file protein-v8.cif (mmCIF, C-alpha atoms)
data_work
#
loop_
_atom_site.label_atom_id
_atom_site.label_comp_id
_atom_site.auth_asym_id
_atom_site.auth_seq_id
_atom_site.Cartn_x
_atom_site.Cartn_y
_atom_site.Cartn_z
CA MET X 2 17.57 -4.40 2.48
CA LEU X 3 14.54 -6.18 3.89
CA ALA X 4 11.59 -4.07 4.94
CA ASP X 5 11.01 -4.14 8.69
CA PRO X 6 7.31 -4.52 9.52
CA ARG X 7 7.86 -2.81 12.89
CA ARG X 8 8.67 0.42 11.02
CA SER X 9 6.16 0.03 8.17
CA ARG X 10 2.85 1.63 7.32
CA LEU X 11 0.57 0.79 4.39
CA ILE X 12 -1.34 3.66 2.78
CA LEU X 13 -4.00 3.19 0.12
CA ILE X 14 -5.09 6.31 -1.72
CA ASN X 15 -8.51 6.26 -3.37
CA PRO X 16 -8.65 2.43 -3.40
CA GLY X 17 -12.36 2.53 -4.20
CA ARG X 18 -11.80 4.03 -7.63
CA THR X 19 -12.17 1.83 -10.69
CA ARG X 20 -11.82 2.37 -14.39
CA PRO X 21 -15.22 2.05 -16.14
CA GLY X 22 -15.62 -1.20 -18.04
CA LYS X 23 -12.35 -2.70 -16.76
CA VAL X 24 -11.96 -5.87 -14.74
CA ASP X 25 -10.39 -5.06 -11.39
CA ASP X 26 -7.20 -7.10 -11.36
CA ARG X 27 -6.41 -5.92 -7.82
CA GLN X 28 -8.83 -8.39 -6.20
CA GLU X 29 -6.21 -11.02 -5.32
CA SER X 30 -4.03 -8.44 -3.59
CA LEU X 31 -6.96 -6.73 -1.88
CA ALA X 32 -7.90 -10.12 -0.40
CA LEU X 33 -4.47 -10.22 1.29
CA LEU X 34 -5.02 -6.93 3.17
CA PRO X 35 -6.34 -8.52 6.39
CA ALA X 36 -3.00 -10.34 6.78
CA VAL X 37 -1.20 -7.00 6.98
CA PHE X 38 -2.66 -6.49 10.43
CA GLN X 39 -3.39 -10.06 11.51
CA VAL X 40 0.17 -11.31 10.98
CA PHE X 41 2.19 -8.10 11.42
CA SER X 42 -0.07 -5.59 13.26
CA ILE X 43 0.67 -2.97 10.62
CA THR X 44 -1.64 0.02 10.33
CA LEU X 45 -3.44 0.45 7.03
CA ASN X 46 -4.43 4.04 6.27
CA LEU X 47 -7.25 4.66 3.79
CA VAL X 48 -7.25 8.10 2.20
CA GLY X 49 -9.81 9.37 -0.27
CA GLU X 50 -12.42 7.23 -2.02
CA HIS X 51 -12.84 3.75 -0.51
CA GLU X 52 -15.42 1.17 0.38
CA PRO X 53 -16.97 2.26 3.71
CA SER X 54 -17.27 -1.39 4.78
CA TRP X 55 -13.47 -1.84 4.73
CA ALA X 56 -13.08 -0.06 8.04
CA GLY X 57 -15.11 -2.77 9.74
CA GLN X 58 -14.00 -5.76 7.69
CA ILE X 59 -10.24 -5.27 7.62
CA PRO X 60 -8.53 -5.11 11.01
CA GLY X 61 -6.01 -2.34 11.58
CA VAL X 62 -7.67 0.09 9.17
CA VAL X 63 -7.48 3.76 10.06
CA THR X 64 -9.38 6.05 7.74
CA ILE X 65 -8.45 9.67 7.36
CA PRO X 66 -11.87 11.16 6.66
CA ASP X 67 -12.13 14.05 4.24
CA ALA X 68 -8.36 14.09 3.63
CA ASP X 69 -7.39 15.32 0.19
CA PRO X 70 -4.86 12.85 -1.25
CA LEU X 71 -2.97 15.69 -2.91
CA GLU X 72 -2.67 17.39 0.49
CA LEU X 73 -1.88 14.25 2.50
CA TRP X 74 1.41 15.60 3.82
CA HIS X 75 -0.38 18.71 5.11
CA ASP X 76 -3.08 16.77 6.98
CA ALA X 77 -2.48 17.21 10.72
CA ARG X 78 -4.13 13.88 11.62
CA PHE X 79 -1.93 11.94 9.23
CA ILE X 80 1.26 13.70 10.30
CA ALA X 81 0.41 13.18 13.97
CA SER X 82 -0.21 9.46 13.44
CA LEU X 83 3.20 9.07 11.82
CA ALA X 84 4.91 11.15 14.51
CA THR X 85 3.56 8.98 17.32
CA SER X 86 4.68 5.75 15.67
CA ASN X 87 8.05 4.32 14.73
CA THR X 88 7.19 4.53 11.03
CA SER X 89 9.96 5.20 8.55
CA LEU X 90 8.89 2.91 5.71
CA LEU X 91 5.74 3.68 3.71
CA PHE X 92 4.06 1.32 1.27
CA LEU X 93 1.74 3.26 -1.05
CA GLY X 94 -0.86 2.11 -3.50
CA GLY X 95 -4.17 3.17 -4.93
CA ALA X 96 -5.59 5.29 -7.70
CA TRP X 97 -4.55 7.24 -9.59
CA LEU X 98 -0.91 6.13 -9.80
CA GLU X 99 0.19 8.97 -12.08
CA GLU X 100 -1.62 11.58 -10.02
CA ASP X 101 -2.46 11.13 -6.33
CA VAL X 102 -0.10 8.21 -5.59
CA LEU X 103 2.78 9.88 -7.44
CA ILE X 104 2.49 13.12 -5.47
CA ALA X 105 2.16 11.33 -2.11
CA ALA X 106 5.20 9.17 -2.89
CA LEU X 107 7.41 12.06 -4.00
CA GLU X 108 6.45 14.20 -1.00
CA GLY X 109 7.00 11.30 1.41
CA ALA X 110 10.46 10.66 -0.03
CA THR X 111 11.28 14.38 0.16
CA LEU X 112 10.43 14.27 3.88
CA GLY X 113 12.89 11.41 4.40
CA TYR X 114 10.61 8.37 4.40
CA ASP X 115 11.62 5.18 2.63
CA VAL X 116 8.73 4.91 0.17
CA ARG X 117 7.74 1.87 -1.87
CA ILE X 118 4.94 1.54 -4.39
CA LEU X 119 2.66 -1.49 -4.30
CA ALA X 120 2.27 -2.01 -8.04
CA ASP X 121 -0.43 -4.65 -7.65
CA LEU X 122 -2.59 -2.25 -5.63
CA SER X 123 -1.90 0.78 -7.84
CA MET X 124 -4.02 1.66 -10.82
CA ALA X 125 -3.22 4.31 -13.39
CA ARG X 126 -5.98 6.40 -14.88
CA ARG X 127 -4.12 6.11 -18.18
CA GLU X 128 -2.35 2.76 -18.47
CA ALA X 129 0.08 4.27 -21.02
CA ASP X 130 1.46 6.48 -18.20
CA ARG X 131 2.06 3.63 -15.74
CA GLN X 132 5.62 2.72 -16.72
CA LEU X 133 6.61 6.39 -17.07
CA VAL X 134 5.52 7.00 -13.47
CA LEU X 135 7.30 3.91 -12.12
CA ASP X 136 10.49 4.92 -13.96
CA ARG X 137 10.26 8.46 -12.57
CA LEU X 138 9.72 7.19 -9.03
CA ALA X 139 12.72 4.85 -9.37
CA LEU X 140 14.89 7.87 -10.21
CA HIS X 141 13.95 9.22 -6.76
CA GLY X 142 14.82 5.94 -5.03
CA ILE X 143 11.21 4.81 -4.71
CA LEU X 144 11.07 1.08 -5.28
CA THR X 145 8.20 -0.90 -6.77
CA THR X 146 7.00 -4.13 -5.21
CA THR X 147 3.82 -6.15 -4.67
CA LEU X 148 1.85 -6.93 -1.53
CA ARG X 149 2.72 -10.64 -1.89
CA GLN X 150 6.44 -9.82 -2.00
CA THR X 151 6.09 -7.41 0.91
CA LEU X 152 4.30 -9.92 3.16
CA LEU X 153 7.06 -12.46 2.61
CA GLU X 154 9.76 -9.82 3.05
CA TRP X 155 8.27 -8.73 6.39
CA ALA X 156 8.11 -12.35 7.58
CA VAL X 157 11.74 -13.03 6.68
CA CYS X 158 12.86 -9.74 8.26
CA LEU X 159 11.31 -10.74 11.58
CA GLY X 160 13.14 -14.04 11.55
CA CYS X 161 10.04 -15.68 13.01
CA PRO X 162 9.39 -19.16 11.61
CA ILE X 163 5.70 -18.99 12.57
CA ALA X 164 5.15 -15.68 10.73
CA ARG X 165 7.05 -17.01 7.71
CA GLN X 166 4.99 -20.21 7.68
CA ASN X 167 1.72 -18.26 8.07
CA VAL X 168 2.59 -16.01 5.14
CA GLN X 169 3.71 -18.89 2.95
CA GLN X 170 0.46 -20.74 3.66
CA LEU X 171 -1.56 -17.61 2.95
CA LEU X 172 0.21 -17.04 -0.37
CA ILE X 173 -0.19 -20.69 -1.40
CA HIS X 174 -3.87 -20.68 -0.38
CA ARG X 175 -4.59 -17.41 -2.23
CA GLY X 176 -2.78 -18.66 -5.34
CA THR X 177 -4.77 -21.89 -5.58
CA GLU X 178 -8.06 -20.29 -4.56
CA LEU X 179 -7.97 -17.98 -7.57
CA SER X 180 -6.78 -20.57 -10.13
#

call {"tool": "encode", "arguments": {"input": "protein-v8.cif", "output": "structure tokens"}}
result
Amino acid sequence: MLADPRRSRLILINPGRTRPGKVDDRQESLALLPAVFQVFSITLNLVGEHEPSWAGQIPGVVTIPDADPLELWHDARFIASLATSNTSLLFLGGAWLEEDVLIAALEGATLGYDVRILADLSMARREADRQLVLDRLALHGILTTTLRQTLLEWAVCLGCPIARQNVQQLLIHRGTELS
């Protein structure tokens, strides 16, 4: 089933975290974040550690200040924002995949949300645990995807040729820009 952007929300947990000495391979996908709002008007929630400048640079960003990622589903502001929207599909990413992202995904699925993990925006503290976590999430019906796949999926779901063309051009441009 195609993901409907009108019912989607993107949530990044601790996206400012990095592993010491490692090249951040999330840069290509992070550069696509403005399109989430510009093309689809989808809210992007930032929870936990993140670059303060993102709130002003990326349209559609809503930060949840001082929210504990492990207590996300007990945060009144977050719950209220979901309750007042038509959100039923959550796209989660961030750090740490095997800790904060895992717990948020499992709790979201338990509450009846269709949860998907953005693998390209998710970083494990211990890379050896990454596949174990993705396998465990799959057992709970939580699918893994990428932001590139999601953008195209949203465009096709809408059936709007202009949105589809905009996304295709964005993906082509981003692919050649980084080559």

call {"tool": "closest_residue", "arguments": {"input": "protein-v8.cif", "among": "X:Arg149, X:Arg8, X:His51, X:Arg165", "to": "Glu29 of chain X", "atoms": "all atoms listed in the file"}}
result
X:Arg149

call {"tool": "closest_residue", "arguments": {"input": "protein-v8.cif", "among": "X:Val157, X:Leu138, X:Pro35, X:Leu152", "to": "Leu172 of chain X", "atoms": "all atoms listed in the file"}}
result
X:Leu152

call {"tool": "resolve_selection", "arguments": {"input": "protein-v8.cif", "expression": "the PyMOL selection byres ((chain X and resi 50) around 8)", "output": "list of chain:residue names"}}
result
X:Ile14, X:Asn15, X:Pro16, X:Gly17, X:Arg18, X:Val48, X:Gly49, X:His51, X:Glu52

call {"tool": "closest_residue", "arguments": {"input": "protein-v8.cif", "among": "X:Gly61, X:Pro66, X:Gly142, X:Pro53", "to": "Gly109 of chain X", "atoms": "all atoms listed in the file"}}
result
X:Gly142

call {"tool": "atom_distance", "arguments": {"input": "protein-v8.cif", "atom1": "atom CA of Leu13 of chain X", "atom2": "atom CA of Phe41 of chain X"}}
result
17.1 Å

call {"tool": "atom_distance", "arguments": {"input": "protein-v8.cif", "atom1": "atom CA of Asp69 of chain X", "atom2": "atom CA of Gln150 of chain X"}}
result
28.8 Å

call {"tool": "closest_residue", "arguments": {"input": "protein-v8.cif", "among": "X:Asp130, X:Asp115, X:Asp121, X:Glu99", "to": "Ala4 of chain X", "atoms": "only C-alpha atoms"}}
result
X:Asp115

call {"tool": "residues_around", "arguments": {"input": "protein-v8.cif", "residues": "Ile43 of chain X", "least_positions_apart": "2", "cutoff": "12 Å", "atoms": "all atoms listed in the file", "output": "PyMOL selection string"}}
result
chain X and resi 5-12+34-41+45-46+59-63+86-88+90-92+151-152+155

call {"tool": "write_last_selection", "arguments": {"input": "protein-v8.cif", "atoms": "C-alpha atoms", "output": "PDB file, keeping the file's coordinate frame"}}
result
ATOM      1  CA  ASP X   5      11.010  -4.140   8.690  1.00  0.00           C
ATOM      2  CA  PRO X   6       7.310  -4.520   9.520  1.00  0.00           C
ATOM      3  CA  ARG X   7       7.860  -2.810  12.890  1.00  0.00           C
ATOM      4  CA  ARG X   8       8.670   0.420  11.020  1.00  0.00           C
ATOM      5  CA  SER X   9       6.160   0.030   8.170  1.00  0.00           C
ATOM      6  CA  ARG X  10       2.850   1.630   7.320  1.00  0.00           C
ATOM      7  CA  LEU X  11       0.570   0.790   4.390  1.00  0.00           C
ATOM      8  CA  ILE X  12      -1.340   3.660   2.780  1.00  0.00           C
ATOM      9  CA  LEU X  34      -5.020  -6.930   3.170  1.00  0.00           C
ATOM     10  CA  PRO X  35      -6.340  -8.520   6.390  1.00  0.00           C
ATOM     11  CA  ALA X  36      -3.000 -10.340   6.780  1.00  0.00           C
ATOM     12  CA  VAL X  37      -1.200  -7.000   6.980  1.00  0.00           C
ATOM     13  CA  PHE X  38      -2.660  -6.490  10.430  1.00  0.00           C
ATOM     14  CA  GLN X  39      -3.390 -10.060  11.510  1.00  0.00           C
ATOM     15  CA  VAL X  40       0.170 -11.310  10.980  1.00  0.00           C
ATOM     16  CA  PHE X  41       2.190  -8.100  11.420  1.00  0.00           C
ATOM     17  CA  LEU X  45      -3.440   0.450   7.030  1.00  0.00           C
ATOM     18  CA  ASN X  46      -4.430   4.040   6.270  1.00  0.00           C
ATOM     19  CA  ILE X  59     -10.240  -5.270   7.620  1.00  0.00           C
ATOM     20  CA  PRO X  60      -8.530  -5.110  11.010  1.00  0.00           C
ATOM     21  CA  GLY X  61      -6.010  -2.340  11.580  1.00  0.00           C
ATOM     22  CA  VAL X  62      -7.670   0.090   9.170  1.00  0.00           C
ATOM     23  CA  VAL X  63      -7.480   3.760  10.060  1.00  0.00           C
ATOM     24  CA  SER X  86       4.680   5.750  15.670  1.00  0.00           C
ATOM     25  CA  ASN X  87       8.050   4.320  14.730  1.00  0.00           C
ATOM     26  CA  THR X  88       7.190   4.530  11.030  1.00  0.00           C
ATOM     27  CA  LEU X  90       8.890   2.910   5.710  1.00  0.00           C
ATOM     28  CA  LEU X  91       5.740   3.680   3.710  1.00  0.00           C
ATOM     29  CA  PHE X  92       4.060   1.320   1.270  1.00  0.00           C
ATOM     30  CA  THR X 151       6.090  -7.410   0.910  1.00  0.00           C
ATOM     31  CA  LEU X 152       4.300  -9.920   3.160  1.00  0.00           C
ATOM     32  CA  TRP X 155       8.270  -8.730   6.390  1.00  0.00           C
TER      33      TRP X 155
END

call {"tool": "closest_residue", "arguments": {"input": "protein-v8.cif", "among": "X:Gln28, X:Gln169, X:Thr146, X:Ser82", "to": "Thr64 of chain X", "atoms": "all atoms listed in the file"}}
result
X:Ser82

call {"tool": "resolve_selection", "arguments": {"input": "protein-v8.cif", "expression": "the PyMOL selection byres ((chain X and resi 135) around 9)", "output": "ChimeraX atom specification"}}
result
/X:98-99,103,118,120,130-134,136-140,143-145

call {"tool": "write_last_selection", "arguments": {"input": "protein-v8.cif", "atoms": "C-alpha atoms", "output": "mmCIF file, in the coordinates of the input"}}
result
data_model
loop_
_atom_site.group_PDB
_atom_site.id
_atom_site.type_symbol
_atom_site.label_atom_id
_atom_site.label_comp_id
_atom_site.auth_asym_id
_atom_site.auth_seq_id
_atom_site.Cartn_x
_atom_site.Cartn_y
_atom_site.Cartn_z
ATOM 1 C CA LEU X 98 -0.910 6.130 -9.800
ATOM 2 C CA GLU X 99 0.190 8.970 -12.080
ATOM 3 C CA LEU X 103 2.780 9.880 -7.440
ATOM 4 C CA ILE X 118 4.940 1.540 -4.390
ATOM 5 C CA ALA X 120 2.270 -2.010 -8.040
ATOM 6 C CA ASP X 130 1.460 6.480 -18.200
ATOM 7 C CA ARG X 131 2.060 3.630 -15.740
ATOM 8 C CA GLN X 132 5.620 2.720 -16.720
ATOM 9 C CA LEU X 133 6.610 6.390 -17.070
ATOM 10 C CA VAL X 134 5.520 7.000 -13.470
ATOM 11 C CA ASP X 136 10.490 4.920 -13.960
ATOM 12 C CA ARG X 137 10.260 8.460 -12.570
ATOM 13 C CA LEU X 138 9.720 7.190 -9.030
ATOM 14 C CA ALA X 139 12.720 4.850 -9.370
ATOM 15 C CA LEU X 140 14.890 7.870 -10.210
ATOM 16 C CA ILE X 143 11.210 4.810 -4.710
ATOM 17 C CA LEU X 144 11.070 1.080 -5.280
ATOM 18 C CA THR X 145 8.200 -0.900 -6.770
#

call {"tool": "atom_distance", "arguments": {"input": "protein-v8.cif", "atom1": "atom CA of Leu148 of chain X", "atom2": "atom CA of Ser30 of chain X"}}
result
6.4 Å

call {"tool": "residues_near_point", "arguments": {"input": "protein-v8.cif", "point": "(-10.0, 7.3, -17.3)", "cutoff": "10 Å", "atoms": "all atoms listed in the file", "output": "mmCIF file with C-alpha atoms, in the frame of the given file"}}
result
data_model
loop_
_atom_site.group_PDB
_atom_site.id
_atom_site.type_symbol
_atom_site.label_atom_id
_atom_site.label_comp_id
_atom_site.auth_asym_id
_atom_site.auth_seq_id
_atom_site.Cartn_x
_atom_site.Cartn_y
_atom_site.Cartn_z
ATOM 1 C CA THR X 19 -12.170 1.830 -10.690
ATOM 2 C CA ARG X 20 -11.820 2.370 -14.390
ATOM 3 C CA PRO X 21 -15.220 2.050 -16.140
ATOM 4 C CA TRP X 97 -4.550 7.240 -9.590
ATOM 5 C CA ALA X 125 -3.220 4.310 -13.390
ATOM 6 C CA ARG X 126 -5.980 6.400 -14.880
ATOM 7 C CA ARG X 127 -4.120 6.110 -18.180
ATOM 8 C CA GLU X 128 -2.350 2.760 -18.470
#

call {"tool": "closest_residue", "arguments": {"input": "protein-v8.cif", "among": "X:Leu153, X:Met124, X:Leu119, X:Leu3", "to": "Leu171 of chain X", "atoms": "only C-alpha atoms"}}
result
X:Leu153

call {"tool": "resolve_selection", "arguments": {"input": "protein-v8.cif", "expression": "the PyMOL selection byres ((chain X and resi 73) around 10)", "output": "PyMOL selection string"}}
result
chain X and resi 14+48-49+65+68-72+74-80+101+104-105+108-109

call {"tool": "decode", "arguments": {"input": "protein-v8.cif", "residues": "segment 10-106 of chain X", "atoms": "C-alpha atoms", "output": "JSON list (two decimals), in the first residue's frame"}}
result
[["chain", "number", "residue", "atom", "x", "y", "z"],
["X", 10, "ARG", "CA", 4.19, 12.73, 9.84],
["X", 11, "LEU", "CA", 7.99, 12.59, 9.86],
["X", 12, "ILE", "CA", 9.71, 12.36, 13.24],
["X", 13, "LEU", "CA", 13.47, 12.61, 13.71],
["X", 14, "ILE", "CA", 14.79, 11.59, 17.10],
["X", 15, "ASN", "CA", 18.18, 12.98, 18.14],
["X", 16, "PRO", "CA", 19.17, 13.78, 14.53],
["X", 17, "GLY", "CA", 22.07, 15.92, 15.76],
["X", 18, "ARG", "CA", 23.93, 12.95, 17.20],
["X", 19, "THR", "CA", 26.95, 11.59, 15.36],
["X", 20, "ARG", "CA", 29.37, 8.79, 15.97],
["X", 21, "PRO", "CA", 32.87, 10.14, 16.75],
["X", 22, "GLY", "CA", 35.29, 9.78, 13.85],
["X", 23, "LYS", "CA", 32.64, 8.55, 11.40],
["X", 24, "VAL", "CA", 31.62, 10.20, 8.15],
["X", 25, "ASP", "CA", 27.95, 11.14, 8.30],
["X", 26, "ASP", "CA", 26.42, 9.24, 5.41],
["X", 27, "ARG", "CA", 23.01, 10.79, 6.12],
["X", 28, "GLN", "CA", 23.89, 14.09, 4.39],
["X", 29, "GLU", "CA", 22.20, 13.26, 1.07],
["X", 30, "SER", "CA", 18.96, 12.35, 2.80],
["X", 31, "LEU", "CA", 19.11, 15.29, 5.21],
["X", 32, "ALA", "CA", 19.38, 17.59, 2.18],
["X", 33, "LEU", "CA", 16.01, 16.25, 0.99],
["X", 34, "LEU", "CA", 14.18, 17.27, 4.19],
["X", 35, "PRO", "CA", 12.97, 20.66, 2.90],
["X", 36, "ALA", "CA", 11.02, 18.85, 0.16],
["X", 37, "VAL", "CA", 8.97, 17.05, 2.82],
["X", 38, "PHE", "CA", 7.19, 20.31, 3.56],
["X", 39, "GLN", "CA", 7.67, 22.22, 0.30],
["X", 40, "VAL", "CA", 6.13, 19.53, -1.90],
["X", 41, "PHE", "CA", 3.80, 17.76, 0.54],
["X", 42, "SER", "CA", 3.25, 20.14, 3.50],
["X", 43, "ILE", "CA", 4.15, 17.36, 5.92],
["X", 44, "THR", "CA", 5.11, 18.28, 9.47],
["X", 45, "LEU", "CA", 8.60, 17.30, 10.58],
["X", 46, "ASN", "CA", 8.96, 16.84, 14.34],
["X", 47, "LEU", "CA", 12.41, 17.13, 15.88],
["X", 48, "VAL", "CA", 12.81, 15.42, 19.24],
["X", 49, "GLY", "CA", 15.95, 15.40, 21.34],
["X", 50, "GLU", "CA", 19.39, 16.53, 20.15],
["X", 51, "HIS", "CA", 19.33, 18.48, 16.87],
["X", 52, "GLU", "CA", 20.87, 21.42, 15.12],
["X", 53, "PRO", "CA", 19.11, 24.55, 16.45],
["X", 54, "SER", "CA", 19.34, 26.17, 13.01],
["X", 55, "TRP", "CA", 17.11, 23.47, 11.46],
["X", 56, "ALA", "CA", 13.98, 25.05, 12.87],
["X", 57, "GLY", "CA", 14.61, 28.16, 10.80],
["X", 58, "GLN", "CA", 16.14, 26.56, 7.72],
["X", 59, "ILE", "CA", 13.73, 23.70, 7.09],
["X", 60, "PRO", "CA", 10.10, 24.69, 6.57],
["X", 61, "GLY", "CA", 7.46, 22.72, 8.45],
["X", 62, "VAL", "CA", 9.73, 21.86, 11.37],
["X", 63, "VAL", "CA", 8.10, 21.63, 14.77],
["X", 64, "THR", "CA", 10.48, 21.03, 17.63],
["X", 65, "ILE", "CA", 9.34, 19.42, 20.83],
["X", 66, "PRO", "CA", 11.66, 21.16, 23.30],
["X", 67, "ASP", "CA", 12.95, 19.19, 26.26],
["X", 68, "ALA", "CA", 11.05, 16.05, 25.21],
["X", 69, "ASP", "CA", 12.72, 12.83, 26.28],
["X", 70, "PRO", "CA", 12.78, 10.51, 23.25],
["X", 71, "LEU", "CA", 12.18, 7.50, 25.49],
["X", 72, "GLU", "CA", 9.07, 9.23, 26.85],
["X", 73, "LEU", "CA", 7.80, 10.59, 23.52],
["X", 74, "TRP", "CA", 4.45, 8.83, 23.78],
["X", 75, "HIS", "CA", 3.89, 10.39, 27.20],
["X", 76, "ASP", "CA", 4.63, 13.95, 26.05],
["X", 77, "ALA", "CA", 1.36, 15.92, 26.10],
["X", 78, "ARG", "CA", 2.49, 18.34, 23.37],
["X", 79, "PHE", "CA", 3.35, 15.52, 20.99],
["X", 80, "ILE", "CA", 0.15, 13.59, 21.68],
["X", 81, "ALA", "CA", -1.94, 16.74, 21.24],
["X", 82, "SER", "CA", -0.29, 17.54, 17.91],
["X", 83, "LEU", "CA", -1.12, 14.07, 16.61],
["X", 84, "ALA", "CA", -4.67, 14.22, 17.95],
["X", 85, "THR", "CA", -5.42, 17.48, 16.14],
["X", 86, "SER", "CA", -4.15, 16.18, 12.80],
["X", 87, "ASN", "CA", -5.22, 13.39, 10.50],
["X", 88, "THR", "CA", -1.96, 11.51, 11.14],
["X", 89, "SER", "CA", -2.00, 7.73, 11.09],
["X", 90, "LEU", "CA", 1.32, 7.05, 9.36],
["X", 91, "LEU", "CA", 4.60, 7.85, 11.13],
["X", 92, "PHE", "CA", 8.01, 7.89, 9.50],
["X", 93, "LEU", "CA", 10.74, 7.67, 12.15],
["X", 94, "GLY", "CA", 14.46, 8.14, 11.93],
["X", 95, "GLY", "CA", 17.35, 9.39, 14.00],
["X", 96, "ALA", "CA", 19.80, 8.17, 16.58],
["X", 97, "TRP", "CA", 20.12, 5.80, 18.23],
["X", 98, "LEU", "CA", 18.25, 3.24, 16.11],
["X", 99, "GLU", "CA", 18.61, 0.39, 18.61],
["X", 100, "GLU", "CA", 17.60, 2.58, 21.53],
["X", 101, "ASP", "CA", 15.48, 5.72, 21.16],
["X", 102, "VAL", "CA", 14.13, 5.05, 17.65],
["X", 103, "LEU", "CA", 13.32, 1.43, 18.48],
["X", 104, "ILE", "CA", 11.29, 2.34, 21.56],
["X", 105, "ALA", "CA", 9.39, 5.14, 19.78],
["X", 106, "ALA", "CA", 8.58, 2.83, 16.87]]
